[in-house]
file my_file12.cif (mmCIF, C-alpha atoms)
data_work
#
loop_
_atom_site.group_PDB
_atom_site.id
_atom_site.type_symbol
_atom_site.label_atom_id
_atom_site.label_comp_id
_atom_site.auth_asym_id
_atom_site.auth_seq_id
_atom_site.Cartn_x
_atom_site.Cartn_y
_atom_site.Cartn_z
ATOM 1 C CA MET A 103 -60.642 -78.602 -5.076
ATOM 2 C CA ALA A 104 -60.198 -82.335 -4.396
ATOM 3 C CA ASP A 105 -63.492 -82.405 -2.494
ATOM 4 C CA ASP A 106 -65.265 -80.592 -5.352
ATOM 5 C CA ARG A 107 -63.908 -83.073 -7.873
ATOM 6 C CA LYS A 108 -64.958 -86.029 -5.714
ATOM 7 C CA TRP A 109 -68.448 -84.567 -5.341
ATOM 8 C CA HIS A 110 -68.788 -84.073 -9.111
ATOM 9 C CA LEU A 111 -67.694 -87.650 -9.799
ATOM 10 C CA LEU A 112 -70.212 -88.999 -7.282
ATOM 11 C CA ASN A 113 -72.899 -86.752 -8.757
ATOM 12 C CA SER A 114 -72.055 -88.075 -12.216
ATOM 13 C CA ARG A 115 -72.486 -91.655 -11.017
ATOM 14 C CA LEU A 116 -75.857 -90.746 -9.528
ATOM 15 C CA HIS A 117 -76.960 -89.096 -12.790
ATOM 16 C CA ARG A 118 -75.969 -92.201 -14.750
ATOM 17 C CA LEU A 119 -78.094 -94.371 -12.478
ATOM 18 C CA GLN A 120 -81.019 -91.982 -12.827
ATOM 19 C CA ALA A 121 -80.620 -91.702 -16.604
ATOM 20 C CA VAL A 122 -80.687 -95.476 -17.029
ATOM 21 C CA GLU A 123 -83.784 -95.768 -14.831
ATOM 22 C CA VAL A 124 -85.646 -92.997 -16.699
ATOM 23 C CA GLY A 125 -84.720 -94.415 -20.097
ATOM 24 C CA GLU A 126 -85.814 -97.937 -19.115
ATOM 25 C CA THR A 127 -89.103 -96.669 -17.662
ATOM 26 C CA LEU A 128 -89.926 -94.785 -20.862
ATOM 27 C CA ARG A 129 -88.895 -97.789 -22.977
ATOM 28 C CA ALA A 130 -91.234 -100.048 -20.974
ATOM 29 C CA GLU A 131 -94.062 -97.706 -22.003
ATOM 30 C CA GLY A 132 -93.060 -97.970 -25.663
ATOM 31 C CA ILE A 133 -91.480 -94.507 -25.719
ATOM 32 C CA ASP A 134 -88.085 -94.075 -27.332
ATOM 33 C CA SER A 135 -85.858 -91.508 -25.656
ATOM 34 C CA VAL A 136 -82.453 -89.937 -26.199
ATOM 35 C CA LEU A 137 -80.244 -88.454 -23.474
ATOM 36 C CA ILE A 138 -78.959 -85.275 -25.114
ATOM 37 C CA LYS A 139 -76.838 -83.291 -22.645
ATOM 38 C CA GLY A 140 -75.017 -83.633 -19.323
ATOM 39 C CA VAL A 141 -74.030 -87.272 -18.822
ATOM 40 C CA ALA A 142 -74.314 -87.891 -22.574
ATOM 41 C CA ILE A 143 -71.539 -85.346 -23.193
ATOM 42 C CA GLU A 144 -69.365 -86.451 -20.290
ATOM 43 C CA ARG A 145 -68.234 -89.489 -22.308
ATOM 44 C CA TYR A 146 -66.119 -87.159 -24.449
ATOM 45 C CA TYR A 147 -64.269 -85.704 -21.456
ATOM 46 C CA PRO A 148 -60.903 -87.139 -20.349
ATOM 47 C CA ALA A 149 -61.178 -89.904 -17.756
ATOM 48 C CA GLY A 150 -61.600 -88.479 -14.282
ATOM 49 C CA THR A 151 -62.554 -85.023 -15.555
ATOM 50 C CA PRO A 152 -66.031 -84.154 -14.308
ATOM 51 C CA ARG A 153 -68.609 -82.489 -16.513
ATOM 52 C CA PRO A 154 -70.972 -80.863 -13.961
ATOM 53 C CA SER A 155 -74.692 -81.032 -14.682
ATOM 54 C CA ILE A 156 -77.846 -80.346 -12.713
ATOM 55 C CA ASP A 157 -80.608 -82.258 -14.464
ATOM 56 C CA LEU A 158 -81.258 -84.959 -17.050
ATOM 57 C CA ASP A 159 -82.297 -83.858 -20.542
ATOM 58 C CA PHE A 160 -84.279 -86.442 -22.468
ATOM 59 C CA ALA A 161 -85.696 -85.966 -25.955
ATOM 60 C CA VAL A 162 -88.729 -88.057 -26.863
ATOM 61 C CA PRO A 163 -90.750 -88.413 -30.085
ATOM 62 C CA PRO A 164 -93.201 -85.505 -30.532
ATOM 63 C CA GLU A 165 -96.140 -87.916 -30.752
ATOM 64 C CA HIS A 166 -95.247 -89.371 -27.338
ATOM 65 C CA PHE A 167 -94.317 -86.144 -25.599
ATOM 66 C CA GLU A 168 -97.649 -85.628 -23.814
ATOM 67 C CA ARG A 169 -97.610 -89.155 -22.397
ATOM 68 C CA ALA A 170 -93.993 -88.772 -21.239
ATOM 69 C CA ALA A 171 -94.871 -85.418 -19.633
ATOM 70 C CA GLU A 172 -97.762 -87.067 -17.791
ATOM 71 C CA MET A 173 -95.439 -89.776 -16.503
ATOM 72 C CA LEU A 174 -93.017 -87.135 -15.273
ATOM 73 C CA LYS A 175 -95.811 -85.207 -13.527
ATOM 74 C CA GLU A 176 -97.181 -88.375 -11.930
ATOM 75 C CA GLY A 177 -93.750 -89.305 -10.575
ATOM 76 C CA ALA A 178 -93.452 -92.410 -12.750
ATOM 77 C CA LEU A 179 -89.984 -91.306 -13.884
ATOM 78 C CA GLY A 180 -88.703 -91.030 -10.339
ATOM 79 C CA ASN A 181 -88.219 -88.000 -8.155
ATOM 80 C CA TYR A 182 -85.452 -86.660 -10.384
ATOM 81 C CA LEU A 183 -84.778 -83.374 -12.150
ATOM 82 C CA VAL A 184 -85.766 -84.348 -15.681
ATOM 83 C CA ASP A 185 -86.145 -81.866 -18.529
ATOM 84 C CA LEU A 186 -88.227 -83.424 -21.302
ATOM 85 C CA HIS A 187 -87.854 -82.185 -24.881
ATOM 86 C CA GLU A 188 -90.416 -82.617 -27.622
ATOM 87 C CA GLY A 189 -88.023 -83.973 -30.217
ATOM 88 C CA LEU A 190 -84.958 -81.744 -30.394
ATOM 89 C CA ARG A 191 -87.091 -78.574 -30.484
ATOM 90 C CA HIS A 192 -85.145 -75.569 -31.768
ATOM 91 C CA PHE A 193 -81.784 -77.289 -31.255
ATOM 92 C CA ASP A 194 -82.187 -79.154 -34.537
ATOM 93 C CA ARG A 195 -84.898 -78.877 -37.180
ATOM 94 C CA ARG A 196 -84.463 -82.310 -38.708
ATOM 95 C CA PRO A 197 -87.339 -84.828 -38.400
ATOM 96 C CA TRP A 198 -87.193 -86.961 -35.281
ATOM 97 C CA LYS A 199 -87.117 -90.212 -37.279
ATOM 98 C CA GLU A 200 -83.954 -89.084 -39.065
ATOM 99 C CA VAL A 201 -82.299 -88.148 -35.780
ATOM 100 C CA PHE A 202 -83.311 -91.367 -34.023
ATOM 101 C CA ALA A 203 -82.114 -93.486 -36.943
ATOM 102 C CA ASN A 204 -78.557 -92.390 -36.104
ATOM 103 C CA VAL A 205 -78.587 -92.655 -32.313
ATOM 104 C CA GLU A 206 -76.026 -94.755 -30.490
ATOM 105 C CA SER A 207 -76.410 -96.970 -27.452
ATOM 106 C CA LEU A 208 -74.192 -95.767 -24.622
ATOM 107 C CA GLU A 209 -73.274 -98.519 -22.196
ATOM 108 C CA PHE A 210 -72.712 -97.640 -18.560
ATOM 109 C CA GLU A 211 -71.946 -100.160 -15.843
ATOM 110 C CA GLU A 212 -75.367 -99.131 -14.530
ATOM 111 C CA GLY A 213 -77.138 -99.950 -17.835
ATOM 112 C CA ARG A 214 -77.592 -98.313 -21.244
ATOM 113 C CA VAL A 215 -79.219 -95.240 -22.730
ATOM 114 C CA HIS A 216 -79.633 -93.881 -26.224
ATOM 115 C CA VAL A 217 -77.477 -90.860 -27.088
ATOM 116 C CA LEU A 218 -76.998 -88.788 -30.220
ATOM 117 C CA CYS A 219 -74.310 -89.759 -32.695
ATOM 118 C CA PRO A 220 -71.215 -87.488 -32.454
ATOM 119 C CA GLU A 221 -72.223 -85.361 -35.474
ATOM 120 C CA ASP A 222 -75.700 -84.684 -34.098
ATOM 121 C CA GLN A 223 -74.337 -84.206 -30.586
ATOM 122 C CA LEU A 224 -71.891 -81.535 -31.701
ATOM 123 C CA ARG A 225 -74.551 -79.722 -33.686
ATOM 124 C CA VAL A 226 -77.016 -79.748 -30.776
ATOM 125 C CA VAL A 227 -74.345 -78.647 -28.270
ATOM 126 C CA CYS A 228 -73.335 -75.681 -30.450
ATOM 127 C CA VAL A 229 -76.886 -74.518 -31.140
ATOM 128 C CA HIS A 230 -77.870 -74.947 -27.493
ATOM 129 C CA TRP A 231 -74.882 -72.881 -26.346
ATOM 130 C CA LEU A 232 -75.793 -70.095 -28.753
ATOM 131 C CA THR A 233 -79.481 -70.315 -27.821
ATOM 132 C CA ASP A 234 -78.469 -69.619 -24.215
ATOM 133 C CA GLY A 235 -76.661 -66.521 -25.450
ATOM 134 C CA GLY A 236 -73.200 -67.955 -24.759
ATOM 135 C CA GLU A 237 -73.710 -67.050 -21.098
ATOM 136 C CA LYS A 238 -71.671 -70.017 -19.818
ATOM 137 C CA LYS A 239 -68.140 -69.751 -21.142
ATOM 138 C CA GLU A 240 -67.185 -73.064 -19.529
ATOM 139 C CA ARG A 241 -69.643 -74.937 -21.743
ATOM 140 C CA LEU A 242 -67.326 -74.293 -24.702
ATOM 141 C CA TRP A 243 -65.334 -77.185 -23.237
ATOM 142 C CA ASP A 244 -68.147 -79.472 -24.436
ATOM 143 C CA VAL A 245 -67.318 -78.436 -27.998
ATOM 144 C CA HIS A 246 -63.594 -78.775 -27.297
ATOM 145 C CA HIS A 247 -63.808 -82.347 -26.019
ATOM 146 C CA ILE A 248 -66.337 -83.613 -28.571
ATOM 147 C CA ILE A 249 -64.050 -82.509 -31.410
ATOM 148 C CA ASN A 250 -60.953 -83.909 -29.712
ATOM 149 C CA GLU A 251 -62.646 -87.308 -29.367
ATOM 150 C CA LYS A 252 -64.629 -87.348 -32.627
ATOM 151 C CA GLY A 253 -62.558 -89.993 -34.456
ATOM 152 C CA ASP A 254 -61.480 -90.188 -38.098
ATOM 153 C CA GLU A 255 -64.896 -91.396 -39.278
ATOM 154 C CA PHE A 256 -66.618 -88.182 -38.184
ATOM 155 C CA ASN A 257 -68.763 -86.905 -41.082
ATOM 156 C CA TRP A 258 -68.351 -83.126 -41.281
ATOM 157 C CA ASN A 259 -70.677 -82.820 -44.281
ATOM 158 C CA TYR A 260 -73.489 -84.459 -42.349
ATOM 159 C CA CYS A 261 -72.777 -82.386 -39.240
ATOM 160 C CA LEU A 262 -72.673 -79.015 -40.987
ATOM 161 C CA GLU A 263 -75.024 -79.370 -43.935
ATOM 162 C CA SER A 264 -77.936 -81.490 -42.716
ATOM 163 C CA ASP A 265 -79.633 -78.538 -41.009
ATOM 164 C CA GLY A 266 -78.959 -75.790 -43.570
ATOM 165 C CA ALA A 267 -76.086 -73.453 -44.441
ATOM 166 C CA LYS A 268 -77.067 -70.790 -41.897
ATOM 167 C CA ARG A 269 -76.955 -73.201 -38.986
ATOM 168 C CA GLY A 270 -73.797 -74.700 -40.403
ATOM 169 C CA ARG A 271 -72.216 -71.262 -39.973
ATOM 170 C CA TRP A 272 -73.519 -71.158 -36.400
ATOM 171 C CA ILE A 273 -71.684 -74.404 -35.652
ATOM 172 C CA ILE A 274 -68.450 -73.345 -37.351
ATOM 173 C CA THR A 275 -68.515 -70.055 -35.439
ATOM 174 C CA THR A 276 -68.992 -71.832 -32.099
ATOM 175 C CA ILE A 277 -66.060 -74.107 -32.919
ATOM 176 C CA GLY A 278 -64.028 -70.977 -33.660
ATOM 177 C CA LEU A 279 -64.994 -69.594 -30.254
ATOM 178 C CA ALA A 280 -63.902 -72.835 -28.600
ATOM 179 C CA ALA A 281 -60.556 -72.491 -30.381
ATOM 180 C CA LYS A 282 -60.163 -68.907 -29.179
ATOM 181 C CA TYR A 283 -61.206 -69.436 -25.567
ATOM 182 C CA THR A 284 -60.261 -73.048 -24.736
ATOM 183 C CA GLY A 285 -57.224 -73.571 -26.958
ATOM 184 C CA LEU A 286 -58.937 -76.137 -29.187
ATOM 185 C CA ARG A 287 -56.675 -76.983 -32.135
ATOM 186 C CA ILE A 288 -58.571 -76.623 -35.411
ATOM 187 C CA ASN A 289 -55.756 -76.322 -37.963
ATOM 188 C CA ASP A 290 -56.618 -79.674 -39.505
ATOM 189 C CA LEU A 291 -60.342 -78.988 -39.837
ATOM 190 C CA PRO A 292 -61.618 -78.313 -43.391
ATOM 191 C CA PHE A 293 -63.152 -74.988 -42.355
ATOM 192 C CA ALA A 294 -60.357 -73.701 -40.091
ATOM 193 C CA LYS A 295 -60.047 -70.290 -41.779
ATOM 194 C CA GLU A 296 -63.797 -69.715 -41.650
ATOM 195 C CA ALA A 297 -63.882 -70.697 -37.972
ATOM 196 C CA GLU A 298 -61.113 -68.227 -37.164
ATOM 197 C CA ASN A 299 -63.034 -65.401 -38.875
ATOM 198 C CA LEU A 300 -65.153 -64.472 -35.856
ATOM 199 C CA PRO A 301 -67.477 -61.451 -35.975
ATOM 200 C CA GLU A 302 -66.094 -58.669 -33.764
ATOM 201 C CA TRP A 303 -69.504 -57.886 -32.315
ATOM 202 C CA LEU A 304 -69.787 -61.502 -31.164
ATOM 203 C CA THR A 305 -66.525 -61.754 -29.239
ATOM 204 C CA GLY A 306 -67.040 -58.292 -27.768
ATOM 205 C CA SER A 307 -70.564 -59.130 -26.608
ATOM 206 C CA LEU A 308 -69.523 -62.448 -25.086
ATOM 207 C CA GLU A 309 -66.571 -61.012 -23.188
ATOM 208 C CA LYS A 310 -68.772 -58.249 -21.823
ATOM 209 C CA ARG A 311 -71.299 -60.823 -20.594
ATOM 210 C CA TRP A 312 -68.640 -63.017 -19.009
ATOM 211 C CA ALA A 313 -67.209 -60.018 -17.147
ATOM 212 C CA ASP A 314 -70.593 -59.221 -15.600
ATOM 213 C CA ASP A 315 -70.633 -60.125 -11.902
ATOM 214 C CA VAL A 316 -74.378 -60.915 -12.041
ATOM 215 C CA PRO A 317 -74.739 -64.448 -13.428
ATOM 216 C CA PHE A 318 -77.777 -64.997 -15.626
ATOM 217 C CA SER A 319 -80.617 -66.872 -13.896
ATOM 218 C CA PRO A 320 -84.391 -67.321 -14.448
ATOM 219 C CA LEU A 321 -86.493 -64.429 -13.239
ATOM 220 C CA ASP A 322 -88.790 -66.699 -11.245
ATOM 221 C CA SER A 323 -85.864 -67.957 -9.139
ATOM 222 C CA ASN A 324 -85.262 -64.449 -7.752
ATOM 223 C CA PHE A 325 -88.579 -63.615 -6.106
ATOM 224 C CA GLU A 326 -87.086 -63.870 -2.601
ATOM 225 C CA SER A 327 -84.925 -60.819 -3.286
ATOM 226 C CA TRP A 328 -86.385 -57.905 -5.235
ATOM 227 C CA SER A 329 -82.942 -56.391 -5.662
ATOM 228 C CA GLN A 330 -81.763 -59.603 -7.355
ATOM 229 C CA PHE A 331 -84.959 -59.752 -9.389
ATOM 230 C CA PHE A 332 -84.421 -56.256 -10.784
ATOM 231 C CA LYS A 333 -80.749 -56.999 -11.453
ATOM 232 C CA GLN A 334 -81.870 -59.955 -13.570
ATOM 233 C CA LEU A 335 -84.481 -57.799 -15.268
ATOM 234 C CA ARG A 336 -81.834 -55.198 -16.042
ATOM 235 C CA ARG A 337 -79.573 -57.912 -17.429
ATOM 236 C CA ARG A 338 -82.220 -58.631 -20.051
ATOM 237 C CA PHE A 339 -82.331 -55.080 -21.446
ATOM 238 C CA PRO A 340 -81.224 -54.736 -24.078
ATOM 239 C CA PRO A 341 -81.769 -58.407 -24.966
ATOM 240 C CA ASN A 342 -78.684 -60.596 -25.253
ATOM 241 C CA PRO A 343 -77.585 -60.077 -28.892
ATOM 242 C CA VAL A 344 -76.427 -63.685 -29.332
ATOM 243 C CA MET A 345 -79.629 -65.111 -27.885
ATOM 244 C CA SER A 346 -81.672 -62.694 -29.989
ATOM 245 C CA THR A 347 -79.913 -63.607 -33.225
ATOM 246 C CA ILE A 348 -80.353 -67.328 -32.721
ATOM 247 C CA GLY A 349 -83.881 -66.941 -31.356
ATOM 248 C CA VAL A 350 -85.109 -65.422 -34.625
ATOM 249 C CA GLU A 351 -82.927 -67.596 -36.892
ATOM 250 C CA GLY A 352 -80.628 -64.689 -37.767
ATOM 251 C CA GLU A 353 -77.226 -64.495 -39.441
ATOM 252 C CA LEU A 354 -74.191 -64.175 -37.176
ATOM 253 C CA ASP A 355 -72.285 -62.265 -39.848
ATOM 254 C CA ASP A 356 -74.859 -59.512 -40.313
ATOM 255 C CA GLY A 357 -73.573 -56.120 -39.205
ATOM 256 C CA TYR A 358 -76.495 -55.030 -37.024
ATOM 257 C CA ARG A 359 -78.032 -56.729 -33.985
ATOM 258 C CA ILE A 360 -80.799 -54.238 -33.169
ATOM 259 C CA PRO A 361 -83.347 -55.637 -35.679
ATOM 260 C CA TYR A 362 -82.825 -59.118 -34.243
ATOM 261 C CA GLN A 363 -83.060 -57.853 -30.670
ATOM 262 C CA LEU A 364 -86.332 -56.036 -31.384
ATOM 263 C CA ARG A 365 -87.842 -59.093 -33.063
ATOM 264 C CA TYR A 366 -86.708 -61.370 -30.249
ATOM 265 C CA PHE A 367 -88.054 -59.006 -27.605
ATOM 266 C CA ALA A 368 -91.461 -58.936 -29.335
ATOM 267 C CA LYS A 369 -91.414 -62.727 -29.686
ATOM 268 C CA ARG A 370 -90.555 -63.431 -26.051
ATOM 269 C CA LEU A 371 -92.340 -60.624 -24.179
ATOM 270 C CA PHE A 372 -95.782 -62.181 -23.731
ATOM 271 C CA PRO A 373 -94.766 -65.805 -22.974
ATOM 272 C CA SER A 374 -91.976 -64.710 -20.635
ATOM 273 C CA ALA A 375 -94.183 -62.230 -18.749
ATOM 274 C CA THR A 376 -96.988 -64.780 -18.481
ATOM 275 C CA ARG A 377 -94.688 -67.491 -17.135
ATOM 276 C CA THR A 378 -93.089 -65.135 -14.594
ATOM 277 C CA ILE A 379 -96.428 -63.835 -13.300
ATOM 278 C CA LYS A 380 -97.871 -67.344 -12.956
ATOM 279 C CA SER A 381 -94.770 -68.504 -11.122
ATOM 280 C CA TYR A 382 -94.948 -65.512 -8.773
ATOM 281 C CA PHE A 383 -98.566 -66.218 -7.819
ATOM 282 C CA ARG A 384 -97.878 -69.939 -7.315
ATOM 283 C CA ARG A 385 -95.051 -69.139 -4.914
ATOM 284 C CA THR A 386 -96.827 -66.395 -2.989
ATOM 285 C CA HIS A 387 -100.123 -68.284 -2.572
ATOM 286 C CA HIS A 388 -98.713 -71.557 -1.284
#
call {"tool": "encode", "arguments": {"input": "my_file12.cif", "output": "structure tokens"}}
result
Amino acid sequence: MADDRKWHLLNSRLHRLQAVEVGETLRAEGIDSVLIKGVAIERYYPAGTPRPSIDLDFAVPPEHFERAAEMLKEGALGNYLVDLHEGLRHFDRRPWKEVFANVESLEFEEGRVHVLCPEDQLRVVCVHWLTDGGEKKERLWDVHHIINEKGDEFNWNYCLESDGAKRGRWIITTIGLAAKYTGLRINDLPFAKEAENLPEWLTGSLEKRWADDVPFSPLDSNFESWSQFFKQLRRRFPPNPVMSTIGVEGELDDGYRIPYQLRYFAKRLFPSATRTIKSYFRRTHH
């Protein structure tokens, strides 16, 4: 355990160095960027507590996304695992200019990067977790620590209402899940009773997923083992009800998931199949 913790802390330091370099490179090209996950969230964790991450997630203005993507492809952003986002994509529907107007500058000893303000960060973390179908229970600790460190000036109205009432309910529900599964104290929050009123289908679905001994992974990362590939394929049928609901902008409190699952399946079938087939042929013909 001590070795794992030491490795995570060293990895975090490396990611900070990389994040600063990527942000400065984009800035030199006149491209604003915001670090939105991973190292950006680690600042809310207690000192010495690692927040493991694999890559760097940077959001850039939609009008500069193609140029940033070219820089990444050309290697101008370094040989790092960087996931570029065109704005905040489906994580937040507010205009980029509004989001960027509220960003904060996070100072590391290695340099500085732009990060989301706490209200936007919490909203994006919650929606991202739901978008992934709640597959990673441990990521509820992101919600836990952001709320614990939010400060008295945290603007709940801005956090919950700036992206619509439906998404506000998504966020409150995710906070309720963090309270249930990480012990987050929410008694003093203005919506505590609503957060505690969790849909039964939701907790049941999540606990079933977490008990599955086949962790969710991209289909195209399982081509080396057809047995693993078909296990992942089976894991997708029926579609994850949480992922389906969020993927079609559904209501968490509705009684039935099947309509959402059918709509999500129809929405994702062609792009997912196309991406998987292309990836398969790239791997097998190289």
call {"tool": "closest_residue", "arguments": {"input": "my_file12.cif", "among": "A:Thr276, A:Asn204, A:Thr284, A:Ser381", "to": "Val344 (chain A)", "atoms": "only C-alpha atoms"}}
result
A:Thr276
call {"tool": "residues_around", "arguments": {"input": "my_file12.cif", "residues": "Glu296 (chain A)", "least_positions_apart": "3", "cutoff": "9 Å", "atoms": "only C-alpha atoms", "output": "list in words"}}
result
Arg271, Ile274, Thr275, Gly278, Phe293, Asn299 and Leu300 of chain A
call {"tool": "write_last_selection", "arguments": {"input": "my_file12.cif", "atoms": "C-alpha atoms", "output": "CSV table (one decimal), keeping the file's coordinate frame"}}
result
chain,number,residue,atom,x,y,z
A,271,ARG,CA,-72.2,-71.3,-40.0
A,274,ILE,CA,-68.4,-73.3,-37.4
A,275,THR,CA,-68.5,-70.1,-35.4
A,278,GLY,CA,-64.0,-71.0,-33.7
A,293,PHE,CA,-63.2,-75.0,-42.4
A,299,ASN,CA,-63.0,-65.4,-38.9
A,300,LEU,CA,-65.2,-64.5,-35.9
call {"tool": "closest_residue", "arguments": {"input": "my_file12.cif", "among": "A:Leu262, A:Leu190, A:Ile143, A:Glu209", "to": "Leu242 (chain A)", "atoms": "all atoms listed in the file"}}
result
A:Ile143
call {"tool": "residues_around", "arguments": {"input": "my_file12.cif", "residues": "Lys268 (chain A)", "least_positions_apart": "4", "cutoff": "12 Å", "atoms": "all atoms listed in the file", "output": "list of chain:residue names"}}
result
A:Val229, A:Leu262, A:Glu263, A:Ser264, A:Trp272, A:Ile273, A:Ile274, A:Thr275, A:Thr347, A:Ile348, A:Glu351, A:Gly352, A:Glu353, A:Leu354, A:Asp355, A:Asp356
call {"tool": "atom_distance", "arguments": {"input": "my_file12.cif", "atom1": "CA of Lys380 (chain A)", "atom2": "CA of Phe160 (chain A)"}}
result
25.3 Å
call {"tool": "resolve_selection", "arguments": {"input": "my_file12.cif", "expression": "the PyMOL selection byres ((chain A and resi 119) around 12)", "output": "count of residues only"}}
result
25
call {"tool": "resolve_selection", "arguments": {"input": "my_file12.cif", "expression": "the PyMOL selection byres ((chain A and resi 139) around 12)", "output": "ChimeraX atom specification"}}
result
/A:117-118,121,136-138,140-146,153-161,184-187,190,193,216-218,222-228,230-231,241,244-245
call {"tool": "atom_distance", "arguments": {"input": "my_file12.cif", "atom1": "CA of Lys333 (chain A)", "atom2": "CA of Ser374 (chain A)"}}
result
16.4 Å
call {"tool": "closest_residue", "arguments": {"input": "my_file12.cif", "among": "A:Arg169, A:Lys239, A:Arg336, A:Lys282", "to": "Lys310 (chain A)", "atoms": "only C-alpha atoms"}}
result
A:Lys239
call {"tool": "residues_around", "arguments": {"input": "my_file12.cif", "residues": "His166 (chain A)", "least_positions_apart": "2", "cutoff": "12 Å", "atoms": "all atoms listed in the file", "output": "list in words"}}
result
Leu128, Arg129, Glu131, Gly132, Ile133, Asp134, Ser135, Ala161, Val162, Pro163, Pro164, Glu168, Arg169, Ala170, Ala171, Glu172, Met173, Leu186, His187, Glu188, Gly189 and Trp198 of chain A
call {"tool": "closest_residue", "arguments": {"input": "my_file12.cif", "among": "A:Lys252, A:Arg107, A:Lys369, A:His247", "to": "Pro341 (chain A)", "atoms": "all atoms listed in the file"}}
result
A:Lys369
call {"tool": "residues_near_point", "arguments": {"input": "my_file12.cif", "point": "(-71.7, -58.4, -34.2)", "cutoff": "9 Å", "atoms": "all atoms listed in the file", "output": "list of chain:residue names"}}
result
A:Pro301, A:Glu302, A:Trp303, A:Leu304, A:Thr305, A:Gly306, A:Ser307, A:Pro343, A:Val344, A:Leu354, A:Asp355, A:Asp356, A:Gly357, A:Tyr358, A:Arg359
call {"tool": "write_last_selection", "arguments": {"input": "my_file12.cif", "atoms": "C-alpha atoms", "output": "CSV table (one decimal), in the coordinates of the input"}}
result
chain,number,residue,atom,x,y,z
A,301,PRO,CA,-67.5,-61.5,-36.0
A,302,GLU,CA,-66.1,-58.7,-33.8
A,303,TRP,CA,-69.5,-57.9,-32.3
A,304,LEU,CA,-69.8,-61.5,-31.2
A,305,THR,CA,-66.5,-61.8,-29.2
A,306,GLY,CA,-67.0,-58.3,-27.8
A,307,SER,CA,-70.6,-59.1,-26.6
A,343,PRO,CA,-77.6,-60.1,-28.9
A,344,VAL,CA,-76.4,-63.7,-29.3
A,354,LEU,CA,-74.2,-64.2,-37.2
A,355,ASP,CA,-72.3,-62.3,-39.8
A,356,ASP,CA,-74.9,-59.5,-40.3
A,357,GLY,CA,-73.6,-56.1,-39.2
A,358,TYR,CA,-76.5,-55.0,-37.0
A,359,ARG,CA,-78.0,-56.7,-34.0
call {"tool": "atom_distance", "arguments": {"input": "my_file12.cif", "atom1": "CA of His246 (chain A)", "atom2": "CA of Leu286 (chain A)"}}
result
5.7 Å
call {"tool": "resolve_selection", "arguments": {"input": "my_file12.cif", "expression": "the PyMOL selection byres ((chain A and resi 313-328) around 9)", "output": "PDB file with C-alpha atoms, keeping the file's coordinate frame"}}
result
ATOM      1  CA  GLU A 237     -73.710 -67.050 -21.098  1.00  0.00           C
ATOM      2  CA  LYS A 238     -71.671 -70.017 -19.818  1.00  0.00           C
ATOM      3  CA  LEU A 308     -69.523 -62.448 -25.086  1.00  0.00           C
ATOM      4  CA  GLU A 309     -66.571 -61.012 -23.188  1.00  0.00           C
ATOM      5  CA  LYS A 310     -68.772 -58.249 -21.823  1.00  0.00           C
ATOM      6  CA  ARG A 311     -71.299 -60.823 -20.594  1.00  0.00           C
ATOM      7  CA  TRP A 312     -68.640 -63.017 -19.009  1.00  0.00           C
ATOM      8  CA  SER A 329     -82.942 -56.391  -5.662  1.00  0.00           C
ATOM      9  CA  GLN A 330     -81.763 -59.603  -7.355  1.00  0.00           C
ATOM     10  CA  PHE A 331     -84.959 -59.752  -9.389  1.00  0.00           C
ATOM     11  CA  PHE A 332     -84.421 -56.256 -10.784  1.00  0.00           C
ATOM     12  CA  LYS A 333     -80.749 -56.999 -11.453  1.00  0.00           C
ATOM     13  CA  GLN A 334     -81.870 -59.955 -13.570  1.00  0.00           C
ATOM     14  CA  LEU A 335     -84.481 -57.799 -15.268  1.00  0.00           C
ATOM     15  CA  ARG A 337     -79.573 -57.912 -17.429  1.00  0.00           C
ATOM     16  CA  ARG A 338     -82.220 -58.631 -20.051  1.00  0.00           C
ATOM     17  CA  ARG A 377     -94.688 -67.491 -17.135  1.00  0.00           C
ATOM     18  CA  THR A 378     -93.089 -65.135 -14.594  1.00  0.00           C
ATOM     19  CA  ILE A 379     -96.428 -63.835 -13.300  1.00  0.00           C
ATOM     20  CA  SER A 381     -94.770 -68.504 -11.122  1.00  0.00           C
ATOM     21  CA  TYR A 382     -94.948 -65.512  -8.773  1.00  0.00           C
ATOM     22  CA  ARG A 385     -95.051 -69.139  -4.914  1.00  0.00           C
TER      23      ARG A 385
END
call {"tool": "closest_residue", "arguments": {"input": "my_file12.cif", "among": "A:Tyr283, A:Leu208, A:Ile249, A:Thr127", "to": "Leu179 (chain A)", "atoms": "all atoms listed in the file"}}
result
A:Thr127
call {"tool": "closest_residue", "arguments": {"input": "my_file12.cif", "among": "A:Val201, A:Lys295, A:Pro340, A:Ala375", "to": "Tyr362 (chain A)", "atoms": "all atoms listed in the file"}}
result
A:Pro340
